[in-house]
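Everything on this sheet refers to the single structure shown next.
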4 protein chains.
Amino acid sequence: MSFKISDKIKLAVKQSPEQVTRINIGDLTIGGNHVIVMAGPCSVENREQLLKAAQVVKDAGGHILRGGAFKPRTLPYSFQGLGEEGLEILAEARDKTGLPVVTEVLAPEDVELVESYADILQIGARNMQNYPLLKKVGKAEKPVLLKRGMAATIEEWLGCAEYILAGGNMNVILCERGLRSFDKVTRNILDVTAVPVIKQVSPLPVVLDPSHGTGVRSLVSPMAKAGVAAGADGLMLEVHPYPEKAMSDGAQSLPPEMFRRLMSELKPVAEAVGKSV
Amino acid sequence: MSFKISDKIKLAVKQSPEQVTRINIGDLTIGGNHVIVMAGPCSVENREQLLKAAQVVKDAGGHILRGGAFKPRTLPYSFQGLGEEGLEILAEARDKTGLPVVTEVLAPEDVELVESYADILQIGARNMQNYPLLKKVGKAEKPVLLKRGMAATIEEWLGCAEYILAGGNMNVILCERGLRSFDKVTRNILDVTAVPVIKQVSPLPVVLDPSHGTGVRSLVSPMAKAGVAAGADGLMLEVHPYPEKAMSDGAQSLPPEMFRRLMSELKPVAEAVGKSV
Amino acid sequence: MSFKISDKIKLAVKQSPEQVTRINIGDLTIGGNHVIVMAGPCSVENREQLLKAAQVVKDAGGHILRGGAFKPRTLPYSFQGLGEEGLEILAEARDKTGLPVVTEVLAPEDVELVESYADILQIGARNMQNYPLLKKVGKAEKPVLLKRGMAATIEEWLGCAEYILAGGNMNVILCERGLRSFDKVTRNILDVTAVPVIKQVSPLPVVLDPSHGTGVRSLVSPMAKAGVAAGADGLMLEVHPYPEKAMSDGAQSLPPEMFRRLMSELKPVAEAVGKSV
Amino acid sequence: MSFKISDKIKLAVKQSPEQVTRINIGDLTIGGNHVIVMAGPCSVENREQLLKAAQVVKDAGGHILRGGAFKPRTLPYSFQGLGEEGLEILAEARDKTGLPVVTEVLAPEDVELVESYADILQIGARNMQNYPLLKKVGKAEKPVLLKRGMAATIEEWLGCAEYILAGGNMNVILCERGLRSFDKVTRNILDVTAVPVIKQVSPLPVVLDPSHGTGVRSLVSPMAKAGVAAGADGLMLEVHPYPEKAMSDGAQSLPPEMFRRLMSELKPVAEAVGKSV
């Protein structure tokens with residue numbers, strides 16, 4: 001390994017080449033030879049939408065249900081999420097489908113509430129360096145999915161993971177979701193290379209989010225395949241039963257039939273790199 | 001004005017060309033014809049250091065004392081600030097010098113504590129989009145200094161100000177502190193142009209931080225002058241009685257004699273654009 | 001297609017979804033279902049090195065030999081390439097192996113010379129917007145490989161292809177080779193997403209260069225696979241018989257055994273997306 | 001000086017803190033205590049337009065006339081400049097006003113032609129790393145204005161200056177004209193900090209181009225003042241007699257009255273930093 005990463009980062013960096021963190025959630029293992037697909041809508045909008053999305057994810061072979069109850073929005077006047085009601089709907093969807101749930105937590109004071117419903121606590125890109133929040137989820141029982149900030153170096157990202165690990169929570173999943181770019185043809189520039197860098201530098205599993213990473217529906221499938229070919233431990237995908245009606249991120253959400261096709265097309269790509277999906 | 005800024009931003013955008021927000025703190029007015037200098041060390045390290053720094057700032061003609069008690073650090077093992085003890089030291093320095101105090105708050109649950117000591121609440125670049133924190137300071141009585149995120153667009157920055165203003169706190173000061181860059185000759189790229197953009201687009205006062213913006217001591221003085229010439233309402237500067245011993249940001253902190261020289265050199269520049277300092 | 005690309009670009013943008021440009025070079029077709037691998041050293045250093053590299057490329061199943069005779073170097077004191085002598089060595093390697101040759105041309109006045117030896121004329125990233133050079137190769141008989149500038153938008157890149165196409169040379173291959181980034185853990189940020197964007201927007205074939213795109217040998221293989229999975233028509237790879245002795249780009253060059261392994265690992269990935277290699 | 005610049009750059013980097021390159025053009029000296037203003041239209045469009053612009057520049061106190069005869073345009077179908085006819089018009093304007101002329105040269109084979117008309121040869125941002133062109137102007141008699149590439153590091157920029165200096169032409173003027181940015185509120189991000197970095201690192205004079213650097217007319221004046229306050233040796237400004245009719249860059253061109261006002265407002269700023277204009 002020839003990457004320049006601060007040697008003050010201890011827990012988020014491999015101490016030996018073979019070191020790998022595997023995270024178990026029910027029957028699933030993240031960080032092994034099975035590519036994990038987390039899918040669902042950007043926001044939990046209502047019970048009908050979320051239950052329908054969950055069924056689509058389940059039927060197509062997805063493994064984890066995603067959906068936001070607390071939403072970080074650019075303007076105070078935008079839909080801010082359903083809050084606890086959204087968490088209850090997510091829990092109901094889990095009960096019906098058996099899919100574990102990942103959802104975002106925005107504030108330290110909400111960690112206990114979110115943890116009481118969710119299976120994985122998501123820290124969003126805007127909060128990657130929200131250190132009080134990182135310290136708080138470092139004391140949580142549930143695994144944490146830590147999104148990379150939109151202009152964060154890999155070293156800074158690992159430093160943020162270190163905050164959580166140093167708190168005692170060893171179950172951190174890293175998620176690359178696209179960086180700021182000068183080229184507005186896509187919403188962000190997806191740093192696929194971060195996947196093999198993390199696999200070589202860190203024991204932690206890493207997943208790729210081509211939905212936020214591109215912002216364009218027709219690019220999600222090729223970039224999901226690219227991520228799996230590059231060695232990603234999983235994918236995070238926006239799937240909506242009716243993307244054209246989505247309250248947020250409709251342009252990048254996959255409709256059910258595109259998600260089903262992607263799931264079947266991912267299988268040979270995963271097998272080509274010695275994995276399954 | 002021909003800038004493309006979302007028309008959903010109401011309070012942080014001018015409704016008429018003459019609209020200007022002036023913020024009063026004791027005898028000072030931010031946003032008028034007097035350039036306000038906020039100066040002091042990156043971190044409150046101990047009583048002796050801070051009181052000495054405060055006296056340097058006061059004697060050289062600075063207007064507001066800055067210093068961090070809660071520090072957002074890249075690694076969990078770095079000095080995290082003195083917390084409430086640091087706030088007490090800041091308050092003592094204010095009592096001794098008469099300088100109002102600006103200091104950072106990191107978590108919603110600390111807002112009341114910090115507000116009980118500080119005159120201005122600082123939201124750091126890493127927390128620009130920490131919406132629960134913005135909502136909380138939107139309910140505070142004290143003015144808020146909102147730093148621009150290190151890869152935030154001006155529109156996103158104004159959207160964050162809108163969160164505070166929409167909460168009822170109309171006293172928001174914007175602070176440009178440098179953006180992420182590919183060129184490592186400086187720590188960041190200081191977006192001086194953000195100053196006239198804000199002055200033309202927004203009623204809010206805007207200050208420039210050439211210390212974080214460059215990360216290099218010898219660049220602070222020319223860039224401070226550039227900021228004033230471009231129309232900044234104030235400056236935020238790191239000054240340390242012994243920069244070589246600083247626990248953080250020593251390389252960009254001005255020693256007392258450089259700060260005094262800068263203060264005297266700023267006067268003709270301010271006058272050249274119709275202001276005083 | 002929902003990409004915002006200027007409608008003044010006519011030839012480099014698809015006029016119908018099915019439009020595809022296929023470029024024939026001897027028995028090879030670029031832009032079809034066969035992934036084309038262009039490989040060889042950064043610079044032609046001497047006869048022995050280049051002939052050895054060519055044999056490695058040939059034996060492992062590579063399709064086209066790359067190597068620079070005219071080198072764009074950051075400093076005037078660095079090795080500038082062997083010039084015409086390098087072209088002669090490339091031609092000898094082609095005679096011995098049957099591999100067509102791609103090599104860079106830097107100046108309009110060299111186009112005829114380079115064309116008399118090479119099978120594909122390469123325009124490097126630094127010259128993407130060198131319009132007199134683009135106009136000149138637009139009049140050439142040989143195909144042109146146009147690298148994307150290190151901070152060029154996709155629209156600007158297509159605009160440069162348009163210069164060549166408008167000159168009458170319809171055989172343009174696009175090559176993504178990494179963009180400027182703030183994160184120095186890799187040399188550049190490889191914009192893999194550019195591959196599916198180009199495939200959806202333009203009829204032209206697009207290849208990916210993970211060697212320059214990452215600058216790190218251990219990242220070349222995963223990113224080559226990612227590129228193929230994302231739909232690239234080919235790859236451009238740096239291969240050197242003795243990377244530790246390379247006069248340029250040694251840290252990112254593959255030694256022979258890594259190149260052979262990559263070639264065999266690429267096959268199932270290509271098949272997974274309905275192609276061969 | 002604590003900047004990390006390759007020590008292989010010899011001529012473009014100061015060998016002692018006092019070393020300064022002063023460039024004489026007629027009665028003017030660039031690099032001394034007088035701020036030099038280069039102004040004129042983006043393109044030479046016709047005789048009437050250019051002569052009128054030259055008179056505006058002269059009357060308001062500008063020092064050098066700028067105007068492009070060979071234009072690097074994003075698309076082959078755009079106006080490419082008047083070529084030699086444009087050079088003749090520039091020479092006529094010089095004869096009428098006494099203003100020396102700076103104009104861009106795009107190709108090595110045009111250097112002699114352009115040199116026969118112009119007083120300063122401009123290398124544009126897109127050609128910063130066009131090494132054959134740099135080598136050619138390194139053999140020219142006339143001074144060279146070298147614009148920084150839109151994503152070039154300061155070290156790379158100095159390396160390009162080194163190509164010219166190593167060729168024997170010691171009269172190189174550096175010009176910062178804005179870098180690529182993710183924020184589209186301005187056309188580019190103007191790196192004002194490059195001015196004091198160059199002044200501290202290099203003996204060469206440096207000028208700032210706030211017209212291209214911002215792309216917005218109302219920002220040109222504050223950023224011109226910022227540049228002078230930061231220590232720029234000169235400014236490059238787009239001035240057009242009728243900006244609304246300009247064939248290129250109209251939105252950032254100053255009309256005559258704004259240019260006159262700026263020239264008078266620059267005087268006190270220059271004096272505030274110990275210079276004249």
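Chain labels follow the order of the structure tokens: the first chain is A, the next B, and so on; residue numbering restarts at 1 in every chain, and ligands are counted from 1 in their shown order.
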
Can you list, as a PyMOL selection string, all residues belonging to segment 95-179 of chain D that DSSP tags as strand (DSSP E or B)? chain D and resi 101-104+120-123+144-147+172-176+179

Find the spatial neighbours of Glu48 of chain B, counting only C-alpha atoms, within a cut-off of 10 Å - ignore same-chain residues fewer than 4 positions away - and output them as JSON, numbers by chain. {"B": [44, 52, 53, 54, 89, 241]}

Using only C-alpha atoms, determine which residues lie at most 9 Å from Glu265 of chain A, disregarding the query and same-chain residues fewer than 6 positions distant; provide the list as a PyMOL selection string. (chain A and resi 221+225) or (chain C and resi 272-273)

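Separating atom CA of Thr214 of chain B from atom CA of Ala270 of chain B is a distance of 21.1 Å.
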
Taking the chain letters and numbering used in this document, name the residues of segment 146-277 of chain A that DSSP puts in alpha helix (DSSP H), as a ChimeraX atom specification. /A:154-166,194-201,210-214,217-229,256-272

Just want the 7 Å neighbourhood of segment 136-141 of chain D, counted on only C-alpha atoms, with same-chain residues fewer than 5 positions away dropped. Output as a ChimeraX atom specification. /D:108,111,163-165,167-169

Mind writing the picked residues with C-alpha atoms as a short mmCIF file (atom, residue, chain, number, x, y, z; two decimals), in the first residue's frame?
data_model
loop_
_atom_site.label_atom_id
_atom_site.label_comp_id
_atom_site.auth_asym_id
_atom_site.auth_seq_id
_atom_site.Cartn_x
_atom_site.Cartn_y
_atom_site.Cartn_z
CA PRO D 108 3.65 28.07 -33.41
CA VAL D 111 4.25 33.51 -33.85
CA TYR D 163 9.81 26.86 -20.85
CA ILE D 164 9.73 30.43 -22.21
CA LEU D 165 12.53 31.71 -19.99
CA GLY D 167 14.35 29.55 -24.43
CA GLY D 168 15.99 32.88 -23.77
CA ASN D 169 12.99 35.21 -23.59
#

Taking only C-alpha atoms into account and nothing else, which residues of chain C lie no more than 8 Å away from chain A? Please answer as a ChimeraX atom specification. /C:3-5,151-154,182-183,185,189-193,196-197,214,219,222-223,225-231,265,268-269,272-273

Next, dump the selected residues to file, keeping only N, CA and C atoms, as a CSV table (one decimal), in the first residue's frame.
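Saved to result-v6.csv:
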chain,number,residue,atom,x,y,z
C,3,PHE,N,-29.5,15.0,-21.1
C,3,PHE,CA,-28.3,15.7,-20.8
C,3,PHE,C,-28.3,17.1,-21.5
C,4,LYS,N,-27.8,18.1,-20.8
C,4,LYS,CA,-27.8,19.4,-21.4
C,4,LYS,C,-26.5,19.6,-22.2
C,5,ILE,N,-26.6,19.3,-23.4
C,5,ILE,CA,-25.4,19.5,-24.3
C,5,ILE,C,-25.9,20.5,-25.4
C,151,ALA,N,-9.7,19.4,-16.8
C,151,ALA,CA,-10.8,20.1,-16.1
C,151,ALA,C,-11.9,20.4,-17.2
C,152,ALA,N,-12.0,19.6,-18.2
C,152,ALA,CA,-12.9,19.9,-19.3
C,152,ALA,C,-14.3,19.3,-19.0
C,153,THR,N,-15.3,20.1,-19.3
C,153,THR,CA,-16.7,19.5,-19.2
C,153,THR,C,-16.8,18.5,-20.4
C,154,ILE,N,-17.8,17.7,-20.3
C,154,ILE,CA,-18.1,16.7,-21.4
C,154,ILE,C,-18.5,17.5,-22.6
C,182,PHE,N,-9.1,17.6,-5.6
C,182,PHE,CA,-8.6,18.1,-4.4
C,182,PHE,C,-7.9,17.0,-3.6
C,183,ASP,N,-8.3,15.7,-3.9
C,183,ASP,CA,-7.8,14.6,-3.0
C,183,ASP,C,-6.6,14.0,-3.7
C,185,VAL,N,-4.8,11.5,-2.8
C,185,VAL,CA,-4.6,10.1,-2.5
C,185,VAL,C,-4.4,9.4,-3.9
C,189,ILE,N,-8.9,12.2,-10.4
C,189,ILE,CA,-10.2,11.5,-10.2
C,189,ILE,C,-10.7,11.0,-11.5
C,190,LEU,N,-10.8,9.7,-11.6
C,190,LEU,CA,-11.2,9.1,-12.9
C,190,LEU,C,-12.7,9.2,-13.0
C,191,ASP,N,-13.2,9.8,-14.1
C,191,ASP,CA,-14.6,10.1,-14.2
C,191,ASP,C,-15.2,8.9,-15.0
C,192,VAL,N,-15.4,7.8,-14.4
C,192,VAL,CA,-15.9,6.6,-15.0
C,192,VAL,C,-17.3,6.9,-15.6
C,193,THR,N,-18.1,7.7,-14.9
C,193,THR,CA,-19.4,8.1,-15.4
C,193,THR,C,-19.4,8.7,-16.8
C,196,PRO,N,-20.6,6.0,-19.7
C,196,PRO,CA,-22.0,5.9,-20.1
C,196,PRO,C,-22.6,7.2,-20.6
C,197,VAL,N,-22.2,8.4,-20.1
C,197,VAL,CA,-22.7,9.6,-20.6
C,197,VAL,C,-22.4,9.7,-22.1
C,214,THR,N,-5.7,7.1,-12.3
C,214,THR,CA,-5.5,6.9,-10.8
C,214,THR,C,-4.0,7.2,-10.4
C,219,LEU,N,-4.5,0.3,-8.4
C,219,LEU,CA,-5.8,0.7,-8.7
C,219,LEU,C,-6.2,0.5,-10.1
C,222,PRO,N,-8.7,-2.8,-10.8
C,222,PRO,CA,-10.2,-2.7,-10.4
C,222,PRO,C,-10.8,-1.6,-11.3
C,223,MET,N,-10.1,-0.5,-11.6
C,223,MET,CA,-10.7,0.6,-12.4
C,223,MET,C,-10.9,0.2,-13.9
C,225,LYS,N,-11.6,-2.9,-14.8
C,225,LYS,CA,-12.9,-3.7,-14.8
C,225,LYS,C,-14.1,-2.8,-14.7
C,226,ALA,N,-14.0,-1.7,-13.8
C,226,ALA,CA,-15.1,-0.8,-13.7
C,226,ALA,C,-15.5,-0.2,-15.0
C,227,GLY,N,-14.4,0.2,-15.7
C,227,GLY,CA,-14.7,0.9,-17.0
C,227,GLY,C,-15.4,-0.1,-18.0
C,228,VAL,N,-14.9,-1.3,-18.1
C,228,VAL,CA,-15.6,-2.3,-19.0
C,228,VAL,C,-17.0,-2.5,-18.5
C,229,ALA,N,-17.2,-2.6,-17.2
C,229,ALA,CA,-18.6,-2.9,-16.7
C,229,ALA,C,-19.5,-1.7,-17.0
C,230,ALA,N,-18.9,-0.5,-17.1
C,230,ALA,CA,-19.7,0.7,-17.3
C,230,ALA,C,-20.0,0.9,-18.8
C,231,GLY,N,-19.3,0.1,-19.7
C,231,GLY,CA,-19.6,0.1,-21.1
C,231,GLY,C,-18.5,0.7,-22.0
C,265,GLU,N,-8.5,-11.5,-16.3
C,265,GLU,CA,-9.7,-11.1,-15.4
C,265,GLU,C,-10.7,-10.3,-16.1
C,268,PRO,N,-14.2,-12.3,-18.1
C,268,PRO,CA,-15.6,-12.5,-17.6
C,268,PRO,C,-16.3,-11.2,-17.4
C,269,VAL,N,-15.6,-10.1,-17.1
C,269,VAL,CA,-16.3,-8.8,-16.9
C,269,VAL,C,-16.9,-8.4,-18.2
C,272,ALA,N,-19.9,-10.4,-18.9
C,272,ALA,CA,-21.0,-10.0,-18.1
C,272,ALA,C,-21.9,-8.9,-18.6
C,273,VAL,N,-21.3,-8.1,-19.5
C,273,VAL,CA,-22.0,-7.0,-20.1
C,273,VAL,C,-22.2,-7.2,-21.6

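From atom CA of Val114 of chain C back to atom CA of Glu92 of chain C, the distance works out to 14.2 Å.
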